[in-house]
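Remarks on the structure that follows.
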Amino acid sequence: MSKSNLVAFRVPAELQDAFSEAVEAAGGDKSAWLVDAIRSKLNRPAAHADIRMLALVERMETAAAALAGGKKGIPPHPYNEVAVLQIVANTIRDGFDNGRVIAERLNEAGFQTKAGKAWDKDIYSAWKRQGNNAELIKTVSVGS
């Protein structure tokens, strides 16, 4: 694009998550995704065949990578409460009772959150407060 204009608009709340996921899956940025969607809706392909081919190749590579290794930045294994509790307890036993460090260890071990995402300190803190997870951590830490 040699010349562009700034256009601002609102996205309905019910579409915001789907939009963000589609942009992430495409591996580009929001502007590029929206321009592609607009061109598609208006039946106006990119000006040059080379640009269209490059965009297609990039989308295919992104899709192939997602199929081969899962979503970018998402640990490969689904949530496993027993394994998560054990990793948390071992990390605490190692002297690291820190949400950021624990989240890092859970991601390194390859376990997703219950929602299928990567762990961070805030997600870990919320998980720890749920149900009796704090008590289970103490039990596993003492029992091992």
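Convention: chains lettered A, B, ... in structure tokens order; per-chain residue numbering from 1; ligands numbered from 1 as shown.
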
| said: When you look at range 93-104 of chain A with a cut-off of 9 Å (counting only C-alpha atoms), what residues show up, excluding the ones that are within fewer than 3 positions of it in the same chain? I need them as a list in words. | reply: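 In the requested format, the answer is Ile87, Val88, Ala89, Asn90, Asn107, Glu108, Ala109, Ala118, Trp119, Asp120, Lys121, Asp122, Ile123, Tyr124, Ser125, Ser141 and Val142 of chain A.
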
| Point-to-point distance in Å for CA of Ser4 in chain A and CA of Leu34 in chain A | 13.0 Å

| task | Go through range 87-131 of chain A and collect every residue that DSSP, computed from the backbone, puts in helix (DSSP H, G or I); the answer should be as a PyMOL selection string. | result | chain A and resi 87-93+99-109+121-129

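You can rank A:Lys3, A:Arg10, A:Arg59, A:Lys41 by their closest distance to Ala25 in chain A using only C-alpha atoms, and at the top of that list sits A:Arg59.
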
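Put simply, CA of Trp33 in chain A is 28.8 Å away from CA of Pro78 in chain A.
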
| Between A:Ala126, A:Leu42, A:Ala26, A:Leu136, which is the closest to Thr62 in chain A once you count only C-alpha atoms? |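 Comparing A:Ala126, A:Leu42, A:Ala26, A:Leu136 against Thr62 in chain A, the winner is A:Ala26.
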
| task | Have a look at CA of Asn43 in chain A and CA of Glu14 in chain A and let me know their distance in Å, one decimal. | result |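 Going from CA of Asn43 in chain A over to CA of Glu14 in chain A covers 26.1 Å.
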